[in-house]
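Read through the structure below, which is laid out as structure tokens, and then see the notes.
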Amino acid sequence: MSAIAFEGVTRRFGAYAAIEDIQFDVRPGSFVSVVGPSGCGKSTLLNLAAGLLAPTSGVVRILDQPLDGLNRHAAYMFQQDALLPWKTVLGNVALGLRFRGVASRQAEARAREWVVRVGLERFERAYPAQLSGGMRKRAAMAQSWIVDPAILLMDEPFSALDVHTRHRMEAELLSLWTASPKTILFVTHDLEDAIALSDEVMVLSAGPASRVVATRRGSGAAARSDRYPHQPAFRRDLSGNLVQIAAGSAGEL
Amino acid sequence: MSARHSAGLIAAQAALGAAILAGWQALANAGKLDKFFFSRPSDIAARIVQWVRSGSIWPHLITTIEEAAAGFLLGAALGVIFGFALARSPKLGALLDPYIRLLNALPRVVLAPIFLLWFGLGIWSKVALGVTVVFFIVFFNTHQGVRDVDPVLVNNARMLGASEWQLARHVLIPSALTWVFSSLQVSIGFAMIAAVVGEYLGAARGVGYLIAQAEGTFDTTGVFAGMTVLSAVVLLVGWGVARLERWLLRWKS
């Protein structure tokens, strides 16, 4: 069984092939990172997995079923802020439940639990514009986890944050994931992050017509037992190894 | 904001107004300004006091406000509905585009006599005029607001499971209303102007009618008194609308 499977997936925009003949398989419950230089089609890959884009050729399978239309098993954390600016933190976090027809009082009660879980209890009545970038990401994280999706798609969700906040968010992501293991497809351009967080790292070549040029084990599996940070030596090793591979086939990472 | 509200500035503004009124009064008293053409501030004030004391002003004022309010509400409702429909259906939008431009290019004043013919001397001819003014302001703002909505917000809501209706209700319409709210001052002001212009051209009641009556009898004091009352009401409404706008868009800060 696989959570996400790409079978010879190609996506063109007009004459431009963003990704070509992509083939991979993500096991349920694993944390897979996708790295590659900017413009290599990482976001296209996620949008295909989300069903926001349809492949030009090839098949995307979600939980072994061919994907047609939106991926109903996945939540998506975008790179940009995607909170509704006219709703409070609580309203935003409750959104997914409201869309699924949960009564507003019940949805709010459950949203409140999540707001507490991501440490925003003092800000549940605040609007996104009144929050810092890191707090907005926490709210976004609660918003996507509350619907308890089997799959979580993350498109450089923390790239706009400063290094310190980013690492804290990543640690929190790992602890959430430890508590409730989901399949995570995490796109980033930061190799260090990819290795630190994930079970598996997938390297894409530079676009156009990006392909998967390497897959390596990350140290994330280890992180599940002893959390963050992980064994630095292993990380350095792998990092050097991957940079070589990437430099060989994909140019600068 | 603080500069605008500083006590010194308010004092200077009041002094300027007082100086202009005092100068006007002095020139009129000295016979340099013909009272027949220019009236006098003291006469105008006395007239307003007389109107308020006798209560004769209220039916006129209430009529004007009713017309403006009805014109605004009807025009805004139609503007939101059409703006939304045309933004969501590009084909319909493209079909109607030249006609909407054509109608909007028309000076509304020329419609007033026709509306008088169609709807009579009562409030509905003025409401119709108000609708034609407010409709276009709200229509264009709604249209823009729906089309300009951040695609990330739309994708996020769809990934969270929003149906078409939920997408409209939680994302598209609030986004459009943001634009509508920020043009509230303009559209309510225009609704007032339309009501007064309509009354001016033919009515049995209203502040515009009052001014037209005074002009018809060369009663300049009545004209100025009517203008003063009208300006005061427009300022008061504007102040209320500004507060309403601030509350409706409180999430923007």
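Following the order of the structure tokens, first chain is A, next is B, and so on, with residues numbered from 1 inside each chain and ligands from 1 in the order they appear.
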Any idea what's packed within 6 Å of A:Ala18, counting only C-alpha atoms, ignoring anything in its chain fewer than 4 positions away? Could you give it as an mmCIF file with N, CA and C atoms, in the first residue's frame?
data_model
loop_
_atom_site.group_PDB
_atom_site.id
_atom_site.type_symbol
_atom_site.label_atom_id
_atom_site.label_comp_id
_atom_site.auth_asym_id
_atom_site.auth_seq_id
_atom_site.Cartn_x
_atom_site.Cartn_y
_atom_site.Cartn_z
ATOM 1 N N ARG A 11 3.771 16.966 -16.294
ATOM 2 C CA ARG A 11 2.845 18.097 -16.317
ATOM 3 C C ARG A 11 3.463 19.199 -17.181
ATOM 4 N N ARG A 12 2.720 19.580 -18.189
ATOM 5 C CA ARG A 12 3.166 20.676 -19.054
ATOM 6 C C ARG A 12 2.289 21.890 -18.843
ATOM 7 N N GLY A 41 9.844 22.789 -10.118
ATOM 8 C CA GLY A 41 8.554 22.115 -10.192
ATOM 9 C C GLY A 41 8.118 21.464 -8.900
ATOM 10 N N PRO A 208 13.666 23.124 -16.857
ATOM 11 C CA PRO A 208 12.391 22.443 -17.081
ATOM 12 C C PRO A 208 12.531 20.922 -17.146
ATOM 13 N N ALA A 209 11.403 20.279 -17.182
ATOM 14 C CA ALA A 209 11.337 18.826 -17.260
ATOM 15 C C ALA A 209 12.086 18.174 -16.101
#
- Counting only C-alpha atoms, chain B residues within 10 Å of chain A, as a PyMOL selection string: chain B and resi 150-163+166-167+170-171+174-175+178+248-253
For the residues in that selection, give me C-alpha atoms as a PDB file, in the first residue's frame.
ATOM      1  CA  ASP B 150      -5.971  35.686  -3.546  1.00  0.00           C
ATOM      2  CA  PRO B 151      -5.940  32.271  -5.293  1.00  0.00           C
ATOM      3  CA  VAL B 152      -4.126  30.843  -2.274  1.00  0.00           C
ATOM      4  CA  LEU B 153      -7.156  31.641  -0.095  1.00  0.00           C
ATOM      5  CA  VAL B 154      -9.428  29.926  -2.603  1.00  0.00           C
ATOM      6  CA  ASN B 155      -7.198  26.853  -2.888  1.00  0.00           C
ATOM      7  CA  ASN B 156      -6.809  26.637   0.866  1.00  0.00           C
ATOM      8  CA  ALA B 157     -10.570  26.773   1.399  1.00  0.00           C
ATOM      9  CA  ARG B 158     -11.129  24.160  -1.286  1.00  0.00           C
ATOM     10  CA  MET B 159      -8.512  21.865   0.229  1.00  0.00           C
ATOM     11  CA  LEU B 160     -10.248  22.291   3.587  1.00  0.00           C
ATOM     12  CA  GLY B 161     -13.363  20.935   1.933  1.00  0.00           C
ATOM     13  CA  ALA B 162     -15.375  24.033   0.989  1.00  0.00           C
ATOM     14  CA  SER B 163     -18.300  23.531  -1.371  1.00  0.00           C
ATOM     15  CA  GLN B 166     -19.168  27.756   1.228  1.00  0.00           C
ATOM     16  CA  LEU B 167     -16.377  29.152  -0.918  1.00  0.00           C
ATOM     17  CA  HIS B 170     -16.563  32.448   3.479  1.00  0.00           C
ATOM     18  CA  VAL B 171     -14.031  33.598   0.903  1.00  0.00           C
ATOM     19  CA  PRO B 174     -16.122  38.683   2.212  1.00  0.00           C
ATOM     20  CA  SER B 175     -13.306  39.560  -0.166  1.00  0.00           C
ATOM     21  CA  THR B 178     -13.923  44.469   1.722  1.00  0.00           C
ATOM     22  CA  LEU B 248     -16.511  46.240   9.580  1.00  0.00           C
ATOM     23  CA  LEU B 249     -12.879  46.281   8.497  1.00  0.00           C
ATOM     24  CA  ARG B 250     -11.489  45.930  12.023  1.00  0.00           C
ATOM     25  CA  TRP B 251      -9.509  42.849  10.985  1.00  0.00           C
ATOM     26  CA  LYS B 252      -7.355  44.923   8.656  1.00  0.00           C
ATOM     27  CA  SER B 253      -5.259  46.753  11.246  1.00  0.00           C
TER      28      SER B 253
END
- Message: DSSP on the backbone, strand (DSSP E or B) only: what residues of stretch 4-232 of chain A does that give? Format it as a PyMOL selection string.
- Response: chain A and resi 4-13+16-26+31-35+57-62+65-66+74-77+151-155+183-188+200-204+210+212-217
Pull C-alpha atoms from the residues just selected and write them as a PDB file, in the first residue's frame.
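The resulting result-v4.pdb:
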ATOM      1  CA  ILE A   4       0.919   8.820  -2.554  1.00  0.00           C
ATOM      2  CA  ALA A   5       2.136   7.291  -5.785  1.00  0.00           C
ATOM      3  CA  PHE A   6       3.218   9.074  -8.949  1.00  0.00           C
ATOM      4  CA  GLU A   7       3.307   6.826 -11.985  1.00  0.00           C
ATOM      5  CA  GLY A   8       5.087   8.397 -14.916  1.00  0.00           C
ATOM      6  CA  VAL A   9       3.583  11.784 -14.195  1.00  0.00           C
ATOM      7  CA  THR A  10       4.308  14.638 -16.579  1.00  0.00           C
ATOM      8  CA  ARG A  11       2.845  18.097 -16.317  1.00  0.00           C
ATOM      9  CA  ARG A  12       3.166  20.676 -19.054  1.00  0.00           C
ATOM     10  CA  PHE A  13       2.139  24.317 -19.050  1.00  0.00           C
ATOM     11  CA  TYR A  16       6.865  24.115 -20.992  1.00  0.00           C
ATOM     12  CA  ALA A  17       7.228  20.822 -19.182  1.00  0.00           C
ATOM     13  CA  ALA A  18       7.426  21.576 -15.467  1.00  0.00           C
ATOM     14  CA  ILE A  19       8.033  17.984 -14.445  1.00  0.00           C
ATOM     15  CA  GLU A  20       8.576  14.954 -16.602  1.00  0.00           C
ATOM     16  CA  ASP A  21       8.014  11.289 -16.023  1.00  0.00           C
ATOM     17  CA  ILE A  22       8.009  11.471 -12.243  1.00  0.00           C
ATOM     18  CA  GLN A  23       7.893   8.174 -10.478  1.00  0.00           C
ATOM     19  CA  PHE A  24       7.783   7.679  -6.739  1.00  0.00           C
ATOM     20  CA  ASP A  25       5.946   6.064  -3.928  1.00  0.00           C
ATOM     21  CA  VAL A  26       5.316   7.352  -0.431  1.00  0.00           C
ATOM     22  CA  PHE A  31       7.707  11.911   6.181  1.00  0.00           C
ATOM     23  CA  VAL A  32       9.124  12.593   2.750  1.00  0.00           C
ATOM     24  CA  SER A  33      10.872  15.790   1.732  1.00  0.00           C
ATOM     25  CA  VAL A  34      11.214  17.028  -1.803  1.00  0.00           C
ATOM     26  CA  VAL A  35      14.209  19.262  -2.423  1.00  0.00           C
ATOM     27  CA  SER A  57       0.062  12.328 -18.631  1.00  0.00           C
ATOM     28  CA  GLY A  58       0.583   9.623 -16.054  1.00  0.00           C
ATOM     29  CA  VAL A  59      -1.418   8.774 -12.971  1.00  0.00           C
ATOM     30  CA  VAL A  60      -1.416  10.099  -9.419  1.00  0.00           C
ATOM     31  CA  ARG A  61      -2.660   7.569  -6.881  1.00  0.00           C
ATOM     32  CA  ILE A  62      -3.792   8.517  -3.396  1.00  0.00           C
ATOM     33  CA  GLN A  65      -6.934   5.073  -5.761  1.00  0.00           C
ATOM     34  CA  PRO A  66      -6.364   7.122  -8.935  1.00  0.00           C
ATOM     35  CA  ALA A  74      -5.079  15.689   2.150  1.00  0.00           C
ATOM     36  CA  ALA A  75      -4.600  19.008   3.871  1.00  0.00           C
ATOM     37  CA  TYR A  76      -2.312  21.553   2.298  1.00  0.00           C
ATOM     38  CA  MET A  77      -0.074  24.063   4.025  1.00  0.00           C
ATOM     39  CA  ILE A 151      -1.910  13.165   4.131  1.00  0.00           C
ATOM     40  CA  LEU A 152      -0.323  16.525   4.739  1.00  0.00           C
ATOM     41  CA  LEU A 153       1.145  18.463   1.833  1.00  0.00           C
ATOM     42  CA  MET A 154       3.504  21.251   2.847  1.00  0.00           C
ATOM     43  CA  ASP A 155       4.940  23.763   0.410  1.00  0.00           C
ATOM     44  CA  THR A 183       1.949  10.906   5.610  1.00  0.00           C
ATOM     45  CA  ILE A 184       3.774  14.149   5.001  1.00  0.00           C
ATOM     46  CA  LEU A 185       5.087  15.405   1.694  1.00  0.00           C
ATOM     47  CA  PHE A 186       7.248  18.377   2.540  1.00  0.00           C
ATOM     48  CA  VAL A 187       8.667  20.632  -0.139  1.00  0.00           C
ATOM     49  CA  THR A 188      11.679  22.753   0.682  1.00  0.00           C
ATOM     50  CA  GLU A 200      13.240  10.105   3.048  1.00  0.00           C
ATOM     51  CA  VAL A 201      14.588  12.898   0.855  1.00  0.00           C
ATOM     52  CA  MET A 202      13.754  13.131  -2.802  1.00  0.00           C
ATOM     53  CA  VAL A 203      15.945  15.359  -4.962  1.00  0.00           C
ATOM     54  CA  LEU A 204      14.513  16.927  -8.094  1.00  0.00           C
ATOM     55  CA  SER A 210      12.470  18.072 -13.699  1.00  0.00           C
ATOM     56  CA  VAL A 212      13.717  12.705  -9.484  1.00  0.00           C
ATOM     57  CA  VAL A 213      17.473  12.341  -9.507  1.00  0.00           C
ATOM     58  CA  ALA A 214      17.996  10.731  -6.116  1.00  0.00           C
ATOM     59  CA  THR A 215      16.224   9.455  -3.040  1.00  0.00           C
ATOM     60  CA  ARG A 216      18.025   9.029   0.249  1.00  0.00           C
ATOM     61  CA  ARG A 217      17.072   8.174   3.768  1.00  0.00           C
TER      62      ARG A 217
END
- Task: For stretch 189-206 of chain B, list every protein, DNA or RNA residue within 7 Å, evaluated using only C-alpha atoms, and leave out those in the same chain fewer than 3 positions away; present the list as JSON, numbers by chain.
- Result: {"B": [60, 61, 63, 64, 67, 68, 71, 72, 112, 121, 122, 126, 127, 129, 130, 133, 134, 185, 186, 209, 210, 212]}
- Could you pull the residues within 10 Å of stretch 218-235 of chain B, counting only C-alpha atoms, minus those fewer than 6 positions along the same chain, as a PyMOL selection string? chain B and resi 35-49+51+57+61+64-65+188-189+192-193+196+207-212+241
If you keep N, CA and C atoms, can you produce a file of those selected residues as a compact mmCIF listing (two decimals), in the first residue's frame?
# COMPACT_ATOMS: atom_id res chain seq x y z
N LYS B 35 -28.05 91.83 0.61
CA LYS B 35 -28.72 90.76 1.35
C LYS B 35 -29.64 89.93 0.45
N PHE B 36 -30.17 90.59 -0.58
CA PHE B 36 -31.07 89.88 -1.48
C PHE B 36 -30.36 88.72 -2.19
N PHE B 37 -29.09 88.97 -2.55
CA PHE B 37 -28.35 87.93 -3.27
C PHE B 37 -27.57 87.02 -2.33
N PHE B 38 -27.10 87.56 -1.22
CA PHE B 38 -26.18 86.79 -0.38
C PHE B 38 -26.71 86.45 1.00
N SER B 39 -27.85 86.97 1.37
CA SER B 39 -28.40 86.75 2.70
C SER B 39 -27.37 87.11 3.78
N ARG B 40 -27.62 86.63 5.01
CA ARG B 40 -26.70 86.92 6.12
C ARG B 40 -26.63 85.70 7.02
N PRO B 41 -25.47 85.39 7.58
CA PRO B 41 -25.37 84.23 8.48
C PRO B 41 -26.42 84.27 9.59
N SER B 42 -26.69 85.48 10.15
CA SER B 42 -27.65 85.54 11.27
C SER B 42 -29.06 85.19 10.79
N ASP B 43 -29.42 85.66 9.57
CA ASP B 43 -30.74 85.33 9.02
C ASP B 43 -30.85 83.83 8.76
N ILE B 44 -29.77 83.27 8.22
CA ILE B 44 -29.77 81.84 7.89
C ILE B 44 -29.95 81.01 9.17
N ALA B 45 -29.18 81.40 10.21
CA ALA B 45 -29.28 80.69 11.48
C ALA B 45 -30.70 80.80 12.04
N ALA B 46 -31.26 82.02 11.97
CA ALA B 46 -32.62 82.23 12.48
C ALA B 46 -33.62 81.34 11.73
N ARG B 47 -33.42 81.23 10.40
CA ARG B 47 -34.33 80.40 9.59
C ARG B 47 -34.25 78.93 10.03
N ILE B 48 -33.02 78.48 10.24
CA ILE B 48 -32.86 77.06 10.63
C ILE B 48 -33.52 76.82 11.99
N VAL B 49 -33.29 77.77 12.91
CA VAL B 49 -33.90 77.64 14.24
C VAL B 49 -35.42 77.60 14.10
N TRP B 51 -37.18 76.61 11.51
CA TRP B 51 -37.56 75.31 10.93
C TRP B 51 -37.60 74.22 11.99
N ILE B 57 -39.05 71.24 9.26
CA ILE B 57 -37.92 70.67 8.52
C ILE B 57 -37.96 69.14 8.52
N LEU B 61 -36.48 66.37 5.80
CA LEU B 61 -35.22 65.68 6.09
C LEU B 61 -35.42 64.16 6.08
N THR B 64 -35.76 62.83 2.55
CA THR B 64 -34.47 62.76 1.85
C THR B 64 -33.65 61.57 2.34
N ILE B 65 -33.63 61.38 3.66
CA ILE B 65 -32.84 60.28 4.21
C ILE B 65 -33.43 58.93 3.80
N ILE B 188 -22.61 56.06 -0.24
CA ILE B 188 -23.68 56.67 0.55
C ILE B 188 -23.78 58.17 0.26
N GLY B 189 -22.64 58.82 0.09
CA GLY B 189 -22.65 60.23 -0.28
C GLY B 189 -23.39 60.44 -1.60
N MET B 192 -27.12 60.19 -1.29
CA MET B 192 -27.68 61.45 -0.79
C MET B 192 -27.82 62.45 -1.92
N ILE B 193 -26.76 62.61 -2.70
CA ILE B 193 -26.77 63.58 -3.79
C ILE B 193 -27.90 63.24 -4.78
N VAL B 196 -31.26 64.29 -3.44
CA VAL B 196 -31.48 65.74 -3.46
C VAL B 196 -31.68 66.23 -4.90
N VAL B 207 -35.40 67.84 1.25
CA VAL B 207 -34.53 69.01 1.39
C VAL B 207 -34.24 69.63 0.02
N GLY B 208 -34.10 68.80 -1.00
CA GLY B 208 -33.88 69.31 -2.35
C GLY B 208 -35.07 70.13 -2.81
N TYR B 209 -36.25 69.64 -2.49
CA TYR B 209 -37.49 70.36 -2.82
C TYR B 209 -37.53 71.70 -2.10
N LEU B 210 -37.12 71.69 -0.84
CA LEU B 210 -37.09 72.91 -0.02
C LEU B 210 -36.19 73.95 -0.67
N ILE B 211 -35.02 73.52 -1.10
CA ILE B 211 -34.06 74.45 -1.72
C ILE B 211 -34.63 74.97 -3.04
N ALA B 212 -35.21 74.08 -3.83
CA ALA B 212 -35.77 74.49 -5.12
C ALA B 212 -36.90 75.50 -4.90
N VAL B 241 -20.74 56.59 8.96
CA VAL B 241 -20.27 55.58 8.02
C VAL B 241 -18.80 55.26 8.25
- Interatomic distance, atom CA of A:Leu120 to atom CA of A:Arg168 (Å, one decimal):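 These atoms are spaced 14.4 Å apart.
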- Per DSSP on the backbone, filter stretch 133-219 of chain B down to the residues in alpha helix (DSSP H) and report them as JSON, numbers by chain. {"B": [133, 134, 135, 136, 137, 138, 139, 140, 141, 142, 143, 144, 145, 146, 147, 151, 152, 153, 154, 155, 156, 157, 158, 159, 164, 165, 166, 167, 173, 174, 175, 176, 177, 178, 179, 180, 181, 182, 184, 185, 186, 187, 188, 189, 190, 191, 192, 193, 194, 195, 196, 197, 198, 199, 200, 201, 207, 208, 209, 210, 211, 212, 213, 214, 215, 216]}
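The residue set within 8 Å of A:Leu63, counting only C-alpha atoms and dropping same-chain residues fewer than 5 places from it, reads Met1, Ser2, Ala3 and Ile4 of chain A.
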Would you export the selected residues with N, CA and C atoms as an mmCIF file, in the first residue's frame, please?
data_model
loop_
_atom_site.group_PDB
_atom_site.id
_atom_site.type_symbol
_atom_site.label_atom_id
_atom_site.label_comp_id
_atom_site.auth_asym_id
_atom_site.auth_seq_id
_atom_site.Cartn_x
_atom_site.Cartn_y
_atom_site.Cartn_z
ATOM 1 N N MET A 1 0.837 -1.197 0.000
ATOM 2 C CA MET A 1 0.000 0.000 0.000
ATOM 3 C C MET A 1 0.877 1.254 0.000
ATOM 4 N N SER A 2 0.446 2.251 -0.729
ATOM 5 C CA SER A 2 1.168 3.517 -0.693
ATOM 6 C C SER A 2 0.178 4.646 -0.464
ATOM 7 N N ALA A 3 0.671 5.713 0.188
ATOM 8 C CA ALA A 3 -0.195 6.853 0.464
ATOM 9 C C ALA A 3 -0.294 7.741 -0.770
ATOM 10 N N ILE A 4 0.878 8.007 -1.349
ATOM 11 C CA ILE A 4 0.919 8.820 -2.554
ATOM 12 C C ILE A 4 1.807 8.093 -3.556
#
- Query: Out of B:Ala28, B:Leu106, B:Val131, B:Ile20, which residue has the shortest atom-to-atom distance to B:Leu74 when counting only C-alpha atoms?
  - Reply: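 Once distances to B:Leu74 are computed over only C-alpha atoms, the minimum belongs to B:Val131.
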